[in-house]
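A.B. asks: Next up is a structure, given as structure tokens.
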Amino acid sequence: MSTGVLEPVVPGPSAPGRIAGGVRQWGPALVLAAFGLLLWEGLVQGLDVQRFLLPAPSAIAGTLWEDRSSLWSSGLYTFSEALGGFVAGGLLGVFAALVFARWRGLGAAVMPLAIAANAVPIIAFAPITNQWFGPLEKTSKMAIAAFLVFFPVMVNTLRGLTSVDPSAIELMRSYGAGEAQTFRRVRIPTSLPYLFTALKIATVLAMIGAIVGEYFLSSQEALGFQIRNASALFDFETAWAAIVVASLFGIAFYAAVALAERRLMGWHHSTRGAE
Amino acid sequence: MLFARGNVQALADIDLDVRPGEFVSLIGPSGCGKSTLLRVIGDLVEPTTGEALVNGKPARRARLDRDYGIVFQSAVLYDWRTVAKNISLPLEMDGWERGRRAERVREMLELVELTGFGGHYPWQLSGGMQQRVAIARALAFEPALLLMDEPFGALDEMTRERLNSELLRLWSMMGATVVFVTHSIAEAAFLSTRVVVMSPRPGRIAGIVEIDLPQPRTIDTREDPRFFAYVTEIRELLRRGGTSSAAPGDAALAGGGQPG
């Protein structure tokens with residue numbers, strides 16, 4: 001009676017298609033960035049801008065190359081602080097979200113406070129965490145980074161855990177599933193896109209937390225210390241070079257999380273096509 | 001049976017007996033409580049008074065025994081699972097071992113004519129194909145009872161008619177009892193052995209129409225004068241609304257066919 005008419009299926013992009021897609025996606029941005037750097041170089045040279053106000057990209061690149069080994073170890077030092085804070089704040093945020101999603105009453109009581117706390121400029125606490133955990137210790141920067149990471153991770157993950165299609169919950173109920181099964185099989189997978197969105201923001205926040213924490217007081221090895229110190233001495237090439245290193249670590253951090261997202265969630269529509 | 005929430009009474013005095021192997025449709029305007037009645041049968045909501053019996057046992061027991069499969073208006077496939085893994089989900093939860101699961105998934109894919117699509121993700125399928133996966137999932141563990149809540153409501157007319165025919169084919173093969181909620185008079189008349197017409201606020205049974213059309217039903221059925229007579233009868237009942245009254249009491253439901 002029925003002949004099984006097959007509807008068309010969306011094909012995945014072929015390998016050459018992906019490369020062409022990558023060029024289309026990144027090409028314009030790369031061209032624009034190159035143009036911006038050339039313009040910067042040209043203006044600094046042409047207008048004879050004082051080098052202590054704004055060094056030319058070529059000067060920054062030179063310093064970056066000369067000081068590469070010390071900048072690299074400073075970058076690693078600061079990144080390790082950011083990573084520690086990211087892991088601690090992220091784990092606590094996910095754990096809190098699971099607790100608040102399971103016991104909604106508790107969540108309802110805590111959420112307004114959490115949202116209020118999220119609006120507090122937490123970075124203002126950096127001098128205090130410095131004193132709590134010791135200004136020369138990495139843990140003091142990890143603490144402020146963890147603080148910054150905790151709230152967006154918790155709020156987003158909780159939203160993901162609780163925004164499941166009611167029919168999906170009914171389906172689990174029809175299978176006689178309990179609360180734990182429903183969490184494991186539906187709520188947690190549904191929350192993953194929300195979690196990863198938060199984790200990507202969190203990489204940036206963790207770097208900010210670590211570097212700003214270092215501005216106040218830190219080991220001389222830290223990037224934040226280098227930026228602050230070089231600026232105070234009008235050594236702007238070094239300050240800029242350190243900022244470039246901080247940016248590179250930040251971008252790599254973000255990209256690593258985005259890559260993990262793609263690997264873990266190939267099924268999700270946000271990881272398909274151009275982002 | 002009564003179902004009330006807050007100040008809104010969704011259902012009143014529903015007394016319905018479904019026989020094993022029947023295909024019963026619930027039809028009525030929005031707000032007549034037909035979806036609520038389906039959820040009472042499936043123990044997804046509890047009636048305020050009265051009870052639903054499935055295969056002679058309370059709905060809750062029947063749910064925990066996995067006596068029914070359910071299909072919603074949207075396919076409700078889990079995005080992170082392939083088609084095959086979506087179909088095998090209830091089997092996993094029922095503790096089937098891997099080899100038996102794979103075998104059953106293969107059979108079900110064949111049954112809904114999606115052989116070769118087991119490795120696809122839901123987003124790679126059209127709406128009609130997704131709904132066929134949902135049906136395969138609901139039937140995978142051979143429940144005695146299949147509950148369907150406007151399963152083809154979001155599909156275009158052509159796909160809907162094709163899936164209507166496929167559903168009847170599956171029903172005749174598996175011998176399950178079906179309770180089917182729909183907005184469509186033609187769909188109800190085409191699919192059902194009995195159509196329960198409901199009227200709103202609070203939802204009650206306005207009348208029941210026995211559809212005595214021969215099986216298997218085909219495209220020709222849709223052009224049969226008796227089919228149109230049934231469509232007219234249902235339409236008249238819907239228009240008259242709640243003029244007929246049903247006796248108060250319990251809804252008893254017997255699922256038949258192969259036990260799960």
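Residues in the structure tokens are numbered from 1 in each chain, the chains being A, B, ... in the order shown, and ligands are numbered from 1 in the order shown.
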Residues of stretch 1-239 of chain A classed as alpha helix (DSSP H) by DSSP on the backbone are to be reported as number ranges by chain.

C.D. replies: A: 15-46, 57-66, 68-102, 104-119, 126-133, 138-162, 166-174, 179-182, 188-216, 223-232, 236-239

A.B. asks: Within 9 Å of chain A, which residues of chain B come that close, and what is the closest atom pair and distance in Å for each? Count only C-alpha atoms and give it as a tab-separated table.

C.D. replies:
residue	atom	partner	partner_atom	distance
B:Gly42	CA	A:Ser174	CA	7.0
B:Asp43	CA	A:Ser174	CA	7.8
B:Leu44	CA	A:Glu170	CA	6.6
B:Arg63	CA	A:Ser174	CA	5.9
B:Leu64	CA	A:Gly176	CA	4.8
B:Asp65	CA	A:Gly176	CA	7.7
B:Arg66	CA	A:Tyr175	CA	6.0
B:Tyr68	CA	A:Ser174	CA	7.7
B:Gly69	CA	A:Ser174	CA	7.3
B:Ile70	CA	A:Leu171	CA	7.2
B:Val71	CA	A:Leu171	CA	8.4
B:Phe72	CA	A:Ser167	CA	7.3
B:Ser74	CA	A:Ser167	CA	8.4
B:Val76	CA	A:Ala168	CA	5.9
B:Leu77	CA	A:Ala168	CA	8.0
B:Tyr78	CA	A:Val186	CA	7.7
B:Asp79	CA	A:Trp267	CA	6.4
B:Trp80	CA	A:Trp267	CA	5.4
B:Arg81	CA	A:Trp267	CA	7.7
B:Thr82	CA	A:Trp267	CA	8.5
B:Pro90	CA	A:Tyr175	CA	6.6
B:Met93	CA	A:Tyr175	CA	7.5
B:Asp94	CA	A:Tyr175	CA	8.3
B:Val112	CA	A:Gly4	CA	8.0
B:Glu113	CA	A:Gly4	CA	5.5
B:Leu114	CA	A:Gly4	CA	7.9
B:Tyr121	CA	A:Trp267	CA	6.7
B:Pro122	CA	A:Trp267	CA	8.6
B:Trp123	CA	A:His269	CA	7.9
B:Gln124	CA	A:Val10	CA	5.6
B:Leu125	CA	A:Val9	CA	6.1
B:Ser126	CA	A:Glu7	CA	6.6
B:Gly128	CA	A:Glu7	CA	8.3
B:Met129	CA	A:Glu7	CA	7.5
B:Arg162	CA	A:Ser2	CA	7.3
B:Leu163	CA	A:Ser2	CA	8.9
B:Ser165	CA	A:Ser2	CA	7.3
B:Glu166	CA	A:Ser2	CA	6.6
B:Arg169	CA	A:Met1	CA	8.4
B:Thr218	CA	A:Met1	CA	7.7

A.B. asks: Write out as a PyMOL selection string all residues of stretch 56-221 of chain B that DSSP puts in strand (DSSP E or B) for this structure's backbone.

C.D. replies: chain B and resi 57-58+68-71+145-149+177-182+194-199+203-210

A.B. asks: Mind writing the picked residues with N, CA and C atoms as a PDB file, in the first residue's frame?

C.D. replies:
ATOM      1  N   LYS B  57      -5.968  -2.733  35.123  1.00  0.00           N
ATOM      2  CA  LYS B  57      -5.212  -2.228  36.275  1.00  0.00           C
ATOM      3  C   LYS B  57      -5.214  -0.714  36.287  1.00  0.00           C
ATOM      4  N   PRO B  58      -4.969  -0.118  37.442  1.00  0.00           N
ATOM      5  CA  PRO B  58      -4.941   1.346  37.509  1.00  0.00           C
ATOM      6  C   PRO B  58      -3.902   1.911  36.536  1.00  0.00           C
ATOM      7  N   TYR B  68       1.918   1.034  27.704  1.00  0.00           N
ATOM      8  CA  TYR B  68       1.545   1.859  26.567  1.00  0.00           C
ATOM      9  C   TYR B  68       2.748   2.597  25.985  1.00  0.00           C
ATOM     10  N   GLY B  69       2.626   2.927  24.712  1.00  0.00           N
ATOM     11  CA  GLY B  69       3.580   3.811  24.064  1.00  0.00           C
ATOM     12  C   GLY B  69       2.851   5.096  23.726  1.00  0.00           C
ATOM     13  N   ILE B  70       3.583   6.208  23.655  1.00  0.00           N
ATOM     14  CA  ILE B  70       2.908   7.486  23.401  1.00  0.00           C
ATOM     15  C   ILE B  70       3.612   8.250  22.289  1.00  0.00           C
ATOM     16  N   VAL B  71       2.820   8.927  21.459  1.00  0.00           N
ATOM     17  CA  VAL B  71       3.348   9.773  20.384  1.00  0.00           C
ATOM     18  C   VAL B  71       2.675  11.133  20.504  1.00  0.00           C
ATOM     19  N   LEU B 145      -1.090  -0.867  24.255  1.00  0.00           N
ATOM     20  CA  LEU B 145      -1.877   0.335  24.004  1.00  0.00           C
ATOM     21  C   LEU B 145      -0.986   1.419  23.411  1.00  0.00           C
ATOM     22  N   LEU B 146      -1.474   2.072  22.380  1.00  0.00           N
ATOM     23  CA  LEU B 146      -0.729   3.174  21.776  1.00  0.00           C
ATOM     24  C   LEU B 146      -1.554   4.445  21.941  1.00  0.00           C
ATOM     25  N   LEU B 147      -0.980   5.441  22.637  1.00  0.00           N
ATOM     26  CA  LEU B 147      -1.657   6.723  22.837  1.00  0.00           C
ATOM     27  C   LEU B 147      -1.048   7.731  21.865  1.00  0.00           C
ATOM     28  N   MET B 148      -1.904   8.423  21.106  1.00  0.00           N
ATOM     29  CA  MET B 148      -1.381   9.366  20.121  1.00  0.00           C
ATOM     30  C   MET B 148      -2.108  10.700  20.259  1.00  0.00           C
ATOM     31  N   ASP B 149      -1.318  11.776  20.483  1.00  0.00           N
ATOM     32  CA  ASP B 149      -1.887  13.097  20.716  1.00  0.00           C
ATOM     33  C   ASP B 149      -1.643  13.979  19.494  1.00  0.00           C
ATOM     34  N   THR B 177      -4.100  -1.730  20.738  1.00  0.00           N
ATOM     35  CA  THR B 177      -5.240  -0.832  20.884  1.00  0.00           C
ATOM     36  C   THR B 177      -4.723   0.592  20.722  1.00  0.00           C
ATOM     37  N   VAL B 178      -5.448   1.432  19.968  1.00  0.00           N
ATOM     38  CA  VAL B 178      -4.982   2.802  19.757  1.00  0.00           C
ATOM     39  C   VAL B 178      -6.028   3.794  20.267  1.00  0.00           C
ATOM     40  N   VAL B 179      -5.564   4.783  21.024  1.00  0.00           N
ATOM     41  CA  VAL B 179      -6.401   5.930  21.366  1.00  0.00           C
ATOM     42  C   VAL B 179      -5.738   7.143  20.730  1.00  0.00           C
ATOM     43  N   PHE B 180      -6.498   7.816  19.860  1.00  0.00           N
ATOM     44  CA  PHE B 180      -5.918   8.787  18.940  1.00  0.00           C
ATOM     45  C   PHE B 180      -6.659  10.112  19.075  1.00  0.00           C
ATOM     46  N   VAL B 181      -5.941  11.157  19.454  1.00  0.00           N
ATOM     47  CA  VAL B 181      -6.553  12.479  19.587  1.00  0.00           C
ATOM     48  C   VAL B 181      -6.338  13.253  18.293  1.00  0.00           C
ATOM     49  N   THR B 182      -7.375  13.863  17.774  1.00  0.00           N
ATOM     50  CA  THR B 182      -7.217  14.613  16.524  1.00  0.00           C
ATOM     51  C   THR B 182      -8.200  15.770  16.442  1.00  0.00           C
ATOM     52  N   ARG B 194     -14.031   3.421  16.140  1.00  0.00           N
ATOM     53  CA  ARG B 194     -15.030   4.249  16.816  1.00  0.00           C
ATOM     54  C   ARG B 194     -14.478   5.656  16.988  1.00  0.00           C
ATOM     55  N   VAL B 195     -15.352   6.646  16.823  1.00  0.00           N
ATOM     56  CA  VAL B 195     -14.958   8.037  17.029  1.00  0.00           C
ATOM     57  C   VAL B 195     -15.748   8.582  18.210  1.00  0.00           C
ATOM     58  N   VAL B 196     -15.014   9.082  19.205  1.00  0.00           N
ATOM     59  CA  VAL B 196     -15.645   9.681  20.381  1.00  0.00           C
ATOM     60  C   VAL B 196     -15.648  11.188  20.178  1.00  0.00           C
ATOM     61  N   VAL B 197     -16.856  11.756  20.031  1.00  0.00           N
ATOM     62  CA  VAL B 197     -16.966  13.198  19.807  1.00  0.00           C
ATOM     63  C   VAL B 197     -17.148  13.878  21.151  1.00  0.00           C
ATOM     64  N   MET B 198     -16.265  14.876  21.424  1.00  0.00           N
ATOM     65  CA  MET B 198     -16.311  15.549  22.725  1.00  0.00           C
ATOM     66  C   MET B 198     -16.738  17.001  22.560  1.00  0.00           C
ATOM     67  N   SER B 199     -17.342  17.536  23.625  1.00  0.00           N
ATOM     68  CA  SER B 199     -17.745  18.941  23.616  1.00  0.00           C
ATOM     69  C   SER B 199     -17.052  19.641  24.784  1.00  0.00           C
ATOM     70  N   GLY B 203     -15.109  19.313  29.410  1.00  0.00           N
ATOM     71  CA  GLY B 203     -15.129  18.293  28.367  1.00  0.00           C
ATOM     72  C   GLY B 203     -16.009  17.111  28.744  1.00  0.00           C
ATOM     73  N   ARG B 204     -16.896  16.765  27.837  1.00  0.00           N
ATOM     74  CA  ARG B 204     -17.714  15.574  28.046  1.00  0.00           C
ATOM     75  C   ARG B 204     -17.935  14.898  26.704  1.00  0.00           C
ATOM     76  N   ILE B 205     -18.459  13.684  26.760  1.00  0.00           N
ATOM     77  CA  ILE B 205     -18.668  12.943  25.530  1.00  0.00           C
ATOM     78  C   ILE B 205     -20.007  13.330  24.923  1.00  0.00           C
ATOM     79  N   ALA B 206     -19.969  13.890  23.721  1.00  0.00           N
ATOM     80  CA  ALA B 206     -21.200  14.313  23.052  1.00  0.00           C
ATOM     81  C   ALA B 206     -21.840  13.165  22.294  1.00  0.00           C
ATOM     82  N   GLY B 207     -21.048  12.215  21.910  1.00  0.00           N
ATOM     83  CA  GLY B 207     -21.594  11.079  21.182  1.00  0.00           C
ATOM     84  C   GLY B 207     -20.485  10.186  20.679  1.00  0.00           C
ATOM     85  N   ILE B 208     -20.841   8.965  20.343  1.00  0.00           N
ATOM     86  CA  ILE B 208     -19.847   8.023  19.840  1.00  0.00           C
ATOM     87  C   ILE B 208     -20.340   7.471  18.505  1.00  0.00           C
ATOM     88  N   VAL B 209     -19.476   7.522  17.497  1.00  0.00           N
ATOM     89  CA  VAL B 209     -19.850   7.051  16.170  1.00  0.00           C
ATOM     90  C   VAL B 209     -19.057   5.789  15.853  1.00  0.00           C
ATOM     91  N   GLU B 210     -19.768   4.680  15.602  1.00  0.00           N
ATOM     92  CA  GLU B 210     -19.108   3.449  15.146  1.00  0.00           C
ATOM     93  C   GLU B 210     -18.805   3.600  13.659  1.00  0.00           C
TER      94      GLU B 210
END

A.B. asks: Find the residue from B:Val24, B:Leu155, B:Ile185, B:Ala59 that sits nearest to B:Gly127; use only C-alpha atoms when measuring.

C.D. replies: B:Leu155

A.B. asks: Report the distance between atom CA of B:Gly95 and atom CA of B:Phe141 in Å, rounded to one decimal place.

C.D. replies: 11.2 Å

A.B. asks: Excluding A:Leu199 and its own-chain neighbours fewer than 4 positions away, which residues fall within 8 Å of it when counting only C-alpha atoms? Please give them as number ranges by chain.

C.D. replies: A: 90, 153, 195, 203, 257

A.B. asks: Tell me which of A:Gly93, A:Pro121, A:Pro55, A:Gly224 sits closest to A:Thr78, counting only C-alpha atoms.

C.D. replies: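 Comparing A:Gly93, A:Pro121, A:Pro55, A:Gly224 against A:Thr78, the winner is A:Gly224.
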
A.B. asks: With only C-alpha atoms as the atoms that count, which of B:Glu97, B:Arg61, B:Pro47, B:Pro200 lies nearest to B:Gly31?

C.D. replies: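 Checking each candidate against B:Gly31, we get B:Pro200 as the closest.
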
A.B. asks: Extract, using only C-alpha atoms, all DNA, RNA and protein residues at most 12 Å from A:Leu37, discarding same-chain residues fewer than 2 positions from it, and format them as a list in words.

C.D. replies: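 Contacts, with the query itself left out: Leu30, Val31, Leu32, Ala33, Ala34, Phe35, Leu39, Trp40, Glu41, Gly42, Leu43, Val44, Pro55, Ala56, Pro57, Ser58, Ile60 and Ala61 of chain A.
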
A.B. asks: Of the candidates A:Ser163, A:Ser247, A:Ser140, A:Gln25, which one gets nearest to A:Pro127 if we count only C-alpha atoms?

C.D. replies: A:Ser140

A.B. asks: Residues within 9 Å of A:Gly62, please, as a PDB file with all heavy atoms, in the first residue's frame. Count only C-alpha atoms; anything in the same chain fewer than 5 positions from it doesn't count.

C.D. replies:
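See part-v2.pdb below for the written result:
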ATOM      1  N   PRO A  57      52.711  48.757  15.192  1.00  0.00           N
ATOM      2  CA  PRO A  57      52.643  47.292  15.248  1.00  0.00           C
ATOM      3  C   PRO A  57      53.996  46.629  15.033  1.00  0.00           C
ATOM      4  O   PRO A  57      54.307  45.624  15.671  1.00  0.00           O
ATOM      5  CB  PRO A  57      51.669  46.949  14.120  1.00  0.00           C
ATOM      6  CG  PRO A  57      50.827  48.157  13.941  1.00  0.00           C
ATOM      7  CD  PRO A  57      51.703  49.329  14.292  1.00  0.00           C
ATOM      8  N   ASP A  67      61.472  39.352  23.448  1.00  0.00           N
ATOM      9  CA  ASP A  67      61.159  38.891  24.812  1.00  0.00           C
ATOM     10  C   ASP A  67      60.318  37.624  24.802  1.00  0.00           C
ATOM     11  O   ASP A  67      59.617  37.340  25.767  1.00  0.00           O
ATOM     12  CB  ASP A  67      60.407  39.988  25.586  1.00  0.00           C
ATOM     13  CG  ASP A  67      61.243  41.241  25.739  1.00  0.00           C
ATOM     14  OD1 ASP A  67      62.459  41.155  25.475  1.00  0.00           O
ATOM     15  OD2 ASP A  67      60.677  42.291  26.101  1.00  0.00           O
ATOM     16  N   GLU A 237      55.953  49.393  24.414  1.00  0.00           N
ATOM     17  CA  GLU A 237      56.117  48.235  23.536  1.00  0.00           C
ATOM     18  C   GLU A 237      55.963  46.933  24.322  1.00  0.00           C
ATOM     19  O   GLU A 237      55.272  46.011  23.888  1.00  0.00           O
ATOM     20  CB  GLU A 237      57.489  48.231  22.838  1.00  0.00           C
ATOM     21  CG  GLU A 237      57.578  49.166  21.660  1.00  0.00           C
ATOM     22  CD  GLU A 237      58.289  50.455  22.017  1.00  0.00           C
ATOM     23  OE1 GLU A 237      58.357  50.768  23.226  1.00  0.00           O
ATOM     24  OE2 GLU A 237      58.780  51.135  21.091  1.00  0.00           O
ATOM     25  N   ALA A 241      53.087  44.221  23.980  1.00  0.00           N
ATOM     26  CA  ALA A 241      53.469  42.838  23.644  1.00  0.00           C
ATOM     27  C   ALA A 241      52.844  41.871  24.648  1.00  0.00           C
ATOM     28  O   ALA A 241      52.344  40.800  24.271  1.00  0.00           O
ATOM     29  CB  ALA A 241      54.987  42.697  23.640  1.00  0.00           C
TER      30      ALA A 241
END

A.B. asks: Which residues are near B:Gly175? Cut-off 6 Å, only C-alpha atoms, ignore same chain within fewer than 2 positions. Put them as number ranges by chain.

C.D. replies: B: 21, 171-173, 257

A.B. asks: When you look at B:Phe152 with a cut-off of 8 Å (counting only C-alpha atoms), what residues show up, excluding the ones that are within fewer than 4 positions of it in the same chain? I need them as a ChimeraX atom specification.

C.D. replies: /B:73,131,160,163

A.B. asks: Considering only C-alpha atoms, state which residue in the set A:Gly105, A:Gly85, A:Gly213, A:Gly27 is at the smallest distance from A:Phe125.

C.D. replies: A:Gly213

A.B. asks: Could you check how far atom CA of B:Ile234 sits from atom CA of B:Ala52, in Å to one decimal?

C.D. replies: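 Computed distance, atom CA of B:Ile234 to atom CA of B:Ala52, equals 25.3 Å.
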